[in-house]
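Before any comments, here is the structure.
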Amino acid sequence: MARTYYDQDADLQIVRSKRVAVIGYGSQGHAHALNLRDSGVEVRVGLAEGSRSREKARLAGITVGSASEVSEWAEVIMLLAPDTIQPELYRREIEPFLIAGKTLMFGHGFNIRFGTIRPAAEIDVSMVAPKAPGHRVRETYLAGQGTPALLAVDQDPSGQALALALSYARALGCTRAGVIATSFAEEAETDLFGEQAVLCGGVSELVKAGFDTLVEAGYQPEVAYFECLHELKLIVDLFYQGGLNYMRYSVSDTAEYGGYTAGERIISPAVRQEMGRLLAAVQDGSFARQWIDECRRGCPGFKARRAQERNHPIEKVGAELREKMPFLKEFNIEERRKAPAEGVVSSPESPSDPITFF
């Protein structure tokens, strides 16, 4: 069984006694900074001089400085910039101020797992990774609840890295829901695999394939949209509330039977084998190297695929249908890129400006 920590396992006073710098004010950054502040922690945010997030942080009552300024000031540094920006940002503005007794923290295991950041041996290195986008981390905290998180310690010369990480997790509200002990490698590998095989890659392709199949067979695109995309939220909400069997309990017997008979035909042995190959590419670092190289080249393939996906027919018919539903707030992605809201960080070094990160 996984080791899980709750409020009673974490001493909030530990992080309250520290000066904490949060590098980044995007999806996770704004939630970490505000939750820490509201939990009685002295916190500052590190942002580039021209960042449009500086004003948002200041309006929220957070002290802002450059990454180097807040790193020099802080005893605990939480690095929440996008993965591909972190190594250069670390070398240039954080590493010069890391001395014995300080703690470097991460919200994702990517750069420690794949060796693009290698802190000195005398530095405590830990991770608190909430299992939700930043806006949910903030919302649940304000509601007196919390989001689960993963926690790991990679270096512990002080002998206090775990206690501090737990205290930090409690300040975020995560120990209200449960914090699971893991490693940087396990968090990074499972996170990347889950995004690719299920959450972002697998589900998106399944939705498009179902939509395309119905439309090509002569059915109305609007009906195909509702059957293959719109109703997905109902199913996911049931998963979230009570697991797979609660979904099966809640739908009709016809839907349950059809799920049993068809599910294994869609997710066939060949699909499972491909998932194994995806996992192997994550584990051996080839996906990380591919993504880092893509970013170094200015992300031509990434940007081209993003543009292609925006023009899929399901996006066009979906936008038209959602416009007729006043209870849904339609998001104009291009407008949000020009004026990023909380949950988005801008950087000239990111593959697109801005890029959302969890």
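Within each chain, counting starts at residue 1; across the structure tokens, chains are named A, B, ... in the order shown, with ligands numbered 1 upward in that order.
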Closest atom pairs, range 145-234 of chain A residues within 12 Å of range 246-260 of chain A, only C-alpha atoms, as CSV:
```
residue,atom,partner,partner_atom,distance
A:Glu231,CA,A:Val251,CA,11.9
A:Leu232,CA,A:Met247,CA,11.5
A:Lys233,CA,A:Met247,CA,11.7
A:Leu234,CA,A:Met247,CA,9.1
```
Fill in: Per-residue DSSP, range 81-321 of chain A, filtered to helix (DSSP H, G or I), as a PyMOL selection string
chain A and resi 86-97+110-113+134-142+161-172+174-176+184-199+202-216+221-230+232-250+253-266+269-283+286-296+300-310+313-321
Please provide the set of residues having any atom within 12 Å of range 122-126 of chain A, restricted to only C-alpha atoms, with same-chain residues fewer than 6 positions apart removed, written as an mmCIF file with N, CA and C atoms, in the first residue's frame.
```cif
data_model
loop_
_atom_site.group_PDB
_atom_site.id
_atom_site.type_symbol
_atom_site.label_atom_id
_atom_site.label_comp_id
_atom_site.auth_asym_id
_atom_site.auth_seq_id
_atom_site.Cartn_x
_atom_site.Cartn_y
_atom_site.Cartn_z
ATOM 1 N N GLU A 75 14.710 30.764 1.691
ATOM 2 C CA GLU A 75 15.283 29.531 2.245
ATOM 3 C C GLU A 75 14.731 28.299 1.521
ATOM 4 N N VAL A 76 13.543 28.446 0.965
ATOM 5 C CA VAL A 76 12.888 27.377 0.203
ATOM 6 C C VAL A 76 12.512 27.947 -1.156
ATOM 7 N N ILE A 77 12.903 27.253 -2.233
ATOM 8 C CA ILE A 77 12.617 27.714 -3.595
ATOM 9 C C ILE A 77 11.806 26.643 -4.303
ATOM 10 N N MET A 78 10.570 27.008 -4.693
ATOM 11 C CA MET A 78 9.706 26.098 -5.455
ATOM 12 C C MET A 78 9.754 26.525 -6.919
ATOM 13 N N LEU A 79 10.253 25.644 -7.778
ATOM 14 C CA LEU A 79 10.445 25.950 -9.198
ATOM 15 C C LEU A 79 9.246 25.441 -9.996
ATOM 16 N N GLU A 95 20.652 28.562 -9.138
ATOM 17 C CA GLU A 95 21.821 27.826 -8.644
ATOM 18 C C GLU A 95 22.853 28.711 -7.950
ATOM 19 N N PHE A 97 22.515 30.945 -5.932
ATOM 20 C CA PHE A 97 22.083 31.308 -4.582
ATOM 21 C C PHE A 97 21.716 30.098 -3.724
ATOM 22 N N LEU A 98 21.972 28.897 -4.248
ATOM 23 C CA LEU A 98 21.701 27.685 -3.471
ATOM 24 C C LEU A 98 22.917 27.370 -2.604
ATOM 25 N N ILE A 99 22.734 27.517 -1.309
ATOM 26 C CA ILE A 99 23.800 27.204 -0.358
ATOM 27 C C ILE A 99 23.290 26.147 0.610
ATOM 28 N N ALA A 100 24.188 25.521 1.321
ATOM 29 C CA ALA A 100 23.811 24.487 2.278
ATOM 30 C C ALA A 100 22.756 25.024 3.236
ATOM 31 N N GLY A 101 21.748 24.216 3.480
ATOM 32 C CA GLY A 101 20.658 24.614 4.360
ATOM 33 C C GLY A 101 19.417 25.055 3.609
ATOM 34 N N LYS A 102 19.565 25.339 2.309
ATOM 35 C CA LYS A 102 18.401 25.713 1.508
ATOM 36 C C LYS A 102 17.740 24.465 0.915
ATOM 37 N N THR A 103 16.478 24.650 0.508
ATOM 38 C CA THR A 103 15.710 23.558 -0.091
ATOM 39 C C THR A 103 15.225 23.966 -1.474
ATOM 40 N N LEU A 104 15.432 23.090 -2.448
ATOM 41 C CA LEU A 104 14.914 23.285 -3.795
ATOM 42 C C LEU A 104 13.753 22.318 -3.988
ATOM 43 N N MET A 105 12.586 22.874 -4.391
ATOM 44 C CA MET A 105 11.391 22.051 -4.555
ATOM 45 C C MET A 105 10.879 22.136 -5.990
ATOM 46 N N PHE A 106 10.142 21.111 -6.383
ATOM 47 C CA PHE A 106 9.559 21.023 -7.719
ATOM 48 C C PHE A 106 8.094 20.605 -7.611
ATOM 49 N N GLY A 107 7.313 20.977 -8.651
ATOM 50 C CA GLY A 107 5.937 20.518 -8.751
ATOM 51 C C GLY A 107 5.785 19.376 -9.741
ATOM 52 N N HIS A 108 6.890 18.938 -10.323
ATOM 53 C CA HIS A 108 6.895 17.856 -11.314
ATOM 54 C C HIS A 108 8.305 17.277 -11.343
ATOM 55 N N GLY A 109 8.410 15.971 -11.582
ATOM 56 C CA GLY A 109 9.710 15.323 -11.480
ATOM 57 C C GLY A 109 10.569 15.342 -12.723
ATOM 58 N N ASN A 111 12.659 17.296 -14.632
ATOM 59 C CA ASN A 111 14.059 17.701 -14.794
ATOM 60 C C ASN A 111 15.017 16.961 -13.862
ATOM 61 N N ILE A 112 14.560 16.574 -12.693
ATOM 62 C CA ILE A 112 15.406 15.738 -11.830
ATOM 63 C C ILE A 112 15.487 14.327 -12.409
ATOM 64 N N LEU A 150 1.248 14.227 -4.880
ATOM 65 C CA LEU A 150 2.350 13.283 -4.741
ATOM 66 C C LEU A 150 3.527 14.015 -4.119
ATOM 67 N N LEU A 151 4.277 13.316 -3.292
ATOM 68 C CA LEU A 151 5.412 13.911 -2.582
ATOM 69 C C LEU A 151 6.619 13.003 -2.714
ATOM 70 N N ALA A 152 7.780 13.612 -2.946
ATOM 71 C CA ALA A 152 9.013 12.835 -3.049
ATOM 72 C C ALA A 152 10.179 13.625 -2.490
ATOM 73 N N VAL A 153 11.167 12.908 -1.989
ATOM 74 C CA VAL A 153 12.428 13.500 -1.531
ATOM 75 C C VAL A 153 13.544 12.852 -2.324
ATOM 76 N N ASP A 154 14.348 13.685 -2.990
ATOM 77 C CA ASP A 154 15.454 13.160 -3.795
ATOM 78 C C ASP A 154 16.785 13.305 -3.079
ATOM 79 N N GLN A 155 16.973 14.399 -2.329
ATOM 80 C CA GLN A 155 18.188 14.629 -1.536
ATOM 81 C C GLN A 155 17.779 15.151 -0.166
ATOM 82 N N ASP A 156 18.438 14.642 0.870
ATOM 83 C CA ASP A 156 18.034 15.010 2.226
ATOM 84 C C ASP A 156 19.239 15.166 3.154
ATOM 85 N N PRO A 157 20.198 16.022 2.827
ATOM 86 C CA PRO A 157 21.359 16.177 3.701
ATOM 87 C C PRO A 157 21.009 16.752 5.071
ATOM 88 N N SER A 158 19.915 17.517 5.164
ATOM 89 C CA SER A 158 19.527 18.109 6.449
ATOM 90 C C SER A 158 18.796 17.125 7.343
ATOM 91 N N GLY A 159 18.243 16.075 6.757
ATOM 92 C CA GLY A 159 17.415 15.143 7.510
ATOM 93 C C GLY A 159 16.009 15.660 7.758
ATOM 94 N N GLN A 160 15.667 16.841 7.216
ATOM 95 C CA GLN A 160 14.362 17.456 7.459
ATOM 96 C C GLN A 160 13.552 17.653 6.176
ATOM 97 N N ALA A 161 14.021 17.109 5.073
ATOM 98 C CA ALA A 161 13.363 17.367 3.793
ATOM 99 C C ALA A 161 11.925 16.862 3.760
ATOM 100 N N LEU A 162 11.687 15.683 4.314
ATOM 101 C CA LEU A 162 10.331 15.129 4.309
ATOM 102 C C LEU A 162 9.399 15.974 5.163
ATOM 103 N N ALA A 163 9.832 16.346 6.352
ATOM 104 C CA ALA A 163 8.988 17.136 7.240
ATOM 105 C C ALA A 163 8.629 18.477 6.605
ATOM 106 N N LEU A 164 9.608 19.106 5.940
ATOM 107 C CA LEU A 164 9.340 20.388 5.293
ATOM 108 C C LEU A 164 8.387 20.211 4.112
ATOM 109 N N ALA A 165 8.584 19.173 3.314
ATOM 110 C CA ALA A 165 7.705 18.944 2.170
ATOM 111 C C ALA A 165 6.272 18.682 2.635
ATOM 112 N N LEU A 166 6.113 17.930 3.698
ATOM 113 C CA LEU A 166 4.773 17.691 4.234
ATOM 114 C C LEU A 166 4.140 18.982 4.740
ATOM 115 N N SER A 167 4.938 19.804 5.392
ATOM 116 C CA SER A 167 4.439 21.085 5.877
ATOM 117 C C SER A 167 3.999 21.962 4.704
ATOM 118 N N TYR A 168 4.799 21.985 3.644
ATOM 119 C CA TYR A 168 4.464 22.738 2.439
ATOM 120 C C TYR A 168 3.156 22.218 1.840
ATOM 121 N N ALA A 169 3.025 20.884 1.761
ATOM 122 C CA ALA A 169 1.804 20.281 1.211
ATOM 123 C C ALA A 169 0.583 20.654 2.040
ATOM 124 N N ALA A 181 3.322 9.244 -0.916
ATOM 125 C CA ALA A 181 4.775 9.204 -1.066
ATOM 126 C C ALA A 181 5.141 8.482 -2.356
ATOM 127 N N THR A 182 6.074 9.063 -3.101
ATOM 128 C CA THR A 182 6.516 8.479 -4.360
ATOM 129 C C THR A 182 7.980 8.846 -4.565
ATOM 130 N N SER A 183 8.465 8.727 -5.777
ATOM 131 C CA SER A 183 9.808 9.173 -6.143
ATOM 132 C C SER A 183 9.696 10.119 -7.326
ATOM 133 N N PHE A 184 10.752 10.883 -7.585
ATOM 134 C CA PHE A 184 10.755 11.750 -8.757
ATOM 135 C C PHE A 184 10.556 10.924 -10.028
#
```
Discussion item. What's around Ser68 in chain A at 7 Å? Count only C-alpha atoms, leave out sequence neighbours fewer than 3 positions away in its own chain, and write the answer as a PyMOL selection string.
Written reply: chain A and resi 71-72+93-94
Practice prompt. Write out as a PyMOL selection string the residues lying within 7 Å of range 185-202 of chain A, counting only C-alpha atoms and excluding same-chain residues fewer than 3 positions away.
Written response: chain A and resi 108-110+113+182+205-206+275+278-279+282-283
Let me see the file: selected residues, N, CA and C atoms, as a PDB file, in the first residue's frame.
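Result written to result31.pdb:
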```
ATOM      1  N   HIS A 108       6.890  18.938 -10.323  1.00  0.00           N
ATOM      2  CA  HIS A 108       6.895  17.856 -11.314  1.00  0.00           C
ATOM      3  C   HIS A 108       8.305  17.277 -11.343  1.00  0.00           C
ATOM      4  N   GLY A 109       8.410  15.971 -11.582  1.00  0.00           N
ATOM      5  CA  GLY A 109       9.710  15.323 -11.480  1.00  0.00           C
ATOM      6  C   GLY A 109      10.569  15.342 -12.723  1.00  0.00           C
ATOM      7  N   PHE A 110      10.121  15.975 -13.800  1.00  0.00           N
ATOM      8  CA  PHE A 110      10.737  15.859 -15.121  1.00  0.00           C
ATOM      9  C   PHE A 110      12.244  16.131 -15.109  1.00  0.00           C
ATOM     10  N   ARG A 113      14.359  13.776 -12.832  1.00  0.00           N
ATOM     11  CA  ARG A 113      14.339  12.413 -13.373  1.00  0.00           C
ATOM     12  C   ARG A 113      15.239  12.282 -14.595  1.00  0.00           C
ATOM     13  N   THR A 182       6.074   9.063  -3.101  1.00  0.00           N
ATOM     14  CA  THR A 182       6.516   8.479  -4.360  1.00  0.00           C
ATOM     15  C   THR A 182       7.980   8.846  -4.565  1.00  0.00           C
ATOM     16  N   GLU A 205      -7.864  11.359 -29.263  1.00  0.00           N
ATOM     17  CA  GLU A 205      -7.934  10.592 -30.496  1.00  0.00           C
ATOM     18  C   GLU A 205      -9.167   9.699 -30.534  1.00  0.00           C
ATOM     19  N   LEU A 206      -9.572   9.151 -29.396  1.00  0.00           N
ATOM     20  CA  LEU A 206     -10.777   8.324 -29.339  1.00  0.00           C
ATOM     21  C   LEU A 206     -12.013   9.150 -29.674  1.00  0.00           C
ATOM     22  N   MET A 275       0.762   0.990 -25.877  1.00  0.00           N
ATOM     23  CA  MET A 275       0.921   1.671 -24.594  1.00  0.00           C
ATOM     24  C   MET A 275       2.233   1.261 -23.929  1.00  0.00           C
ATOM     25  N   LEU A 278       4.915   3.207 -25.550  1.00  0.00           N
ATOM     26  CA  LEU A 278       4.910   4.580 -25.055  1.00  0.00           C
ATOM     27  C   LEU A 278       5.601   4.671 -23.700  1.00  0.00           C
ATOM     28  N   LEU A 279       5.271   3.744 -22.817  1.00  0.00           N
ATOM     29  CA  LEU A 279       5.870   3.745 -21.488  1.00  0.00           C
ATOM     30  C   LEU A 279       7.380   3.539 -21.578  1.00  0.00           C
ATOM     31  N   VAL A 282       9.089   6.710 -22.434  1.00  0.00           N
ATOM     32  CA  VAL A 282       9.169   7.604 -21.276  1.00  0.00           C
ATOM     33  C   VAL A 282      10.283   7.149 -20.345  1.00  0.00           C
ATOM     34  N   GLN A 283      10.333   5.859 -20.057  1.00  0.00           N
ATOM     35  CA  GLN A 283      11.292   5.330 -19.094  1.00  0.00           C
ATOM     36  C   GLN A 283      12.733   5.474 -19.552  1.00  0.00           C
TER      37      GLN A 283
END
```
Item to complete: May I ask for the distance between CA of Arg310 in chain A and CA of Val207 in chain A, given in Å to one decimal place?
Response: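 These atoms are spaced 14.3 Å apart.
Computed from the coordinates, the CA of Asp7 in chain A to CA of Arg176 in chain A distance equals 5.8 Å.
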Discussion item. Given only C-alpha atoms as the basis, pick out the residue of A:Asn35, A:Trp73, A:Tyr225, A:Ile62 nearest to Ala143 in chain A.
Written reply: A:Asn35
Practice prompt. Quick one: pull the distance between CA of Val41 in chain A and CA of Leu89 in chain A, Å, one decimal.
Written response: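 One can read the CA of Val41 in chain A to CA of Leu89 in chain A distance as 24.3 Å.
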Worksheet item: Pick the closest to Gly29 in chain A from A:Val15, A:Leu172, A:Cys299, A:Ile266: which is it, counting only C-alpha atoms?
Response: A:Leu172
Worksheet entry | Filtered DSSP result for range 85-201 of chain A, state strand (DSSP E), as an NGL selection string | :A and (103-106 or 124-130 or 149-155 or 179-181)
N, CA, C and O atoms of the current selection, written as a PDB file, in the first residue's frame:
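The resulting part32.pdb:
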```
ATOM      1  N   THR A 103      16.478  24.650   0.508  1.00  0.00           N
ATOM      2  CA  THR A 103      15.710  23.558  -0.091  1.00  0.00           C
ATOM      3  C   THR A 103      15.225  23.966  -1.474  1.00  0.00           C
ATOM      4  O   THR A 103      14.672  25.057  -1.650  1.00  0.00           O
ATOM      5  N   LEU A 104      15.432  23.090  -2.448  1.00  0.00           N
ATOM      6  CA  LEU A 104      14.914  23.285  -3.795  1.00  0.00           C
ATOM      7  C   LEU A 104      13.753  22.318  -3.988  1.00  0.00           C
ATOM      8  O   LEU A 104      13.895  21.112  -3.788  1.00  0.00           O
ATOM      9  N   MET A 105      12.586  22.874  -4.391  1.00  0.00           N
ATOM     10  CA  MET A 105      11.391  22.051  -4.555  1.00  0.00           C
ATOM     11  C   MET A 105      10.879  22.136  -5.990  1.00  0.00           C
ATOM     12  O   MET A 105      11.126  23.108  -6.698  1.00  0.00           O
ATOM     13  N   PHE A 106      10.142  21.111  -6.383  1.00  0.00           N
ATOM     14  CA  PHE A 106       9.559  21.023  -7.719  1.00  0.00           C
ATOM     15  C   PHE A 106       8.094  20.605  -7.611  1.00  0.00           C
ATOM     16  O   PHE A 106       7.684  19.947  -6.653  1.00  0.00           O
ATOM     17  N   ASP A 124      18.857  20.183  -0.020  1.00  0.00           N
ATOM     18  CA  ASP A 124      17.663  19.346   0.064  1.00  0.00           C
ATOM     19  C   ASP A 124      16.862  19.521  -1.224  1.00  0.00           C
ATOM     20  O   ASP A 124      16.648  20.650  -1.684  1.00  0.00           O
ATOM     21  N   VAL A 125      16.394  18.421  -1.802  1.00  0.00           N
ATOM     22  CA  VAL A 125      15.600  18.460  -3.033  1.00  0.00           C
ATOM     23  C   VAL A 125      14.343  17.619  -2.819  1.00  0.00           C
ATOM     24  O   VAL A 125      14.432  16.427  -2.500  1.00  0.00           O
ATOM     25  N   SER A 126      13.186  18.250  -2.983  1.00  0.00           N
ATOM     26  CA  SER A 126      11.929  17.543  -2.771  1.00  0.00           C
ATOM     27  C   SER A 126      10.885  17.991  -3.779  1.00  0.00           C
ATOM     28  O   SER A 126      11.109  18.916  -4.559  1.00  0.00           O
ATOM     29  N   MET A 127       9.749  17.321  -3.758  1.00  0.00           N
ATOM     30  CA  MET A 127       8.679  17.604  -4.711  1.00  0.00           C
ATOM     31  C   MET A 127       7.331  17.508  -4.019  1.00  0.00           C
ATOM     32  O   MET A 127       7.083  16.584  -3.228  1.00  0.00           O
ATOM     33  N   VAL A 128       6.447  18.462  -4.307  1.00  0.00           N
ATOM     34  CA  VAL A 128       5.037  18.372  -3.962  1.00  0.00           C
ATOM     35  C   VAL A 128       4.280  18.641  -5.252  1.00  0.00           C
ATOM     36  O   VAL A 128       4.347  19.748  -5.793  1.00  0.00           O
ATOM     37  N   ALA A 129       3.585  17.646  -5.762  1.00  0.00           N
ATOM     38  CA  ALA A 129       2.925  17.728  -7.065  1.00  0.00           C
ATOM     39  C   ALA A 129       1.427  17.521  -6.897  1.00  0.00           C
ATOM     40  O   ALA A 129       0.947  16.376  -6.847  1.00  0.00           O
ATOM     41  N   PRO A 130       0.651  18.604  -6.792  1.00  0.00           N
ATOM     42  CA  PRO A 130      -0.810  18.456  -6.703  1.00  0.00           C
ATOM     43  C   PRO A 130      -1.360  17.764  -7.945  1.00  0.00           C
ATOM     44  O   PRO A 130      -0.922  18.030  -9.066  1.00  0.00           O
ATOM     45  N   ALA A 149      -2.069  15.013  -3.677  1.00  0.00           N
ATOM     46  CA  ALA A 149      -0.764  15.360  -4.236  1.00  0.00           C
ATOM     47  C   ALA A 149       0.180  14.179  -4.095  1.00  0.00           C
ATOM     48  O   ALA A 149      -0.063  13.252  -3.307  1.00  0.00           O
ATOM     49  N   LEU A 150       1.248  14.227  -4.880  1.00  0.00           N
ATOM     50  CA  LEU A 150       2.350  13.283  -4.741  1.00  0.00           C
ATOM     51  C   LEU A 150       3.527  14.015  -4.119  1.00  0.00           C
ATOM     52  O   LEU A 150       3.755  15.196  -4.393  1.00  0.00           O
ATOM     53  N   LEU A 151       4.277  13.316  -3.292  1.00  0.00           N
ATOM     54  CA  LEU A 151       5.412  13.911  -2.582  1.00  0.00           C
ATOM     55  C   LEU A 151       6.619  13.003  -2.714  1.00  0.00           C
ATOM     56  O   LEU A 151       6.504  11.778  -2.614  1.00  0.00           O
ATOM     57  N   ALA A 152       7.780  13.612  -2.946  1.00  0.00           N
ATOM     58  CA  ALA A 152       9.013  12.835  -3.049  1.00  0.00           C
ATOM     59  C   ALA A 152      10.179  13.625  -2.490  1.00  0.00           C
ATOM     60  O   ALA A 152      10.181  14.856  -2.517  1.00  0.00           O
ATOM     61  N   VAL A 153      11.167  12.908  -1.989  1.00  0.00           N
ATOM     62  CA  VAL A 153      12.428  13.500  -1.531  1.00  0.00           C
ATOM     63  C   VAL A 153      13.544  12.852  -2.324  1.00  0.00           C
ATOM     64  O   VAL A 153      13.668  11.622  -2.345  1.00  0.00           O
ATOM     65  N   ASP A 154      14.348  13.685  -2.990  1.00  0.00           N
ATOM     66  CA  ASP A 154      15.454  13.160  -3.795  1.00  0.00           C
ATOM     67  C   ASP A 154      16.785  13.305  -3.079  1.00  0.00           C
ATOM     68  O   ASP A 154      17.660  12.452  -3.209  1.00  0.00           O
ATOM     69  N   GLN A 155      16.973  14.399  -2.329  1.00  0.00           N
ATOM     70  CA  GLN A 155      18.188  14.629  -1.536  1.00  0.00           C
ATOM     71  C   GLN A 155      17.779  15.151  -0.166  1.00  0.00           C
ATOM     72  O   GLN A 155      16.910  16.014  -0.068  1.00  0.00           O
ATOM     73  N   VAL A 179      -1.711  12.949   0.677  1.00  0.00           N
ATOM     74  CA  VAL A 179      -0.479  13.120  -0.080  1.00  0.00           C
ATOM     75  C   VAL A 179       0.238  11.770  -0.104  1.00  0.00           C
ATOM     76  O   VAL A 179       0.558  11.205   0.951  1.00  0.00           O
ATOM     77  N   ILE A 180       0.494  11.255  -1.295  1.00  0.00           N
ATOM     78  CA  ILE A 180       1.070   9.921  -1.465  1.00  0.00           C
ATOM     79  C   ILE A 180       2.575  10.023  -1.669  1.00  0.00           C
ATOM     80  O   ILE A 180       3.049  10.803  -2.501  1.00  0.00           O
ATOM     81  N   ALA A 181       3.322   9.244  -0.916  1.00  0.00           N
ATOM     82  CA  ALA A 181       4.775   9.204  -1.066  1.00  0.00           C
ATOM     83  C   ALA A 181       5.141   8.482  -2.356  1.00  0.00           C
ATOM     84  O   ALA A 181       4.595   7.427  -2.684  1.00  0.00           O
TER      85      ALA A 181
END
```
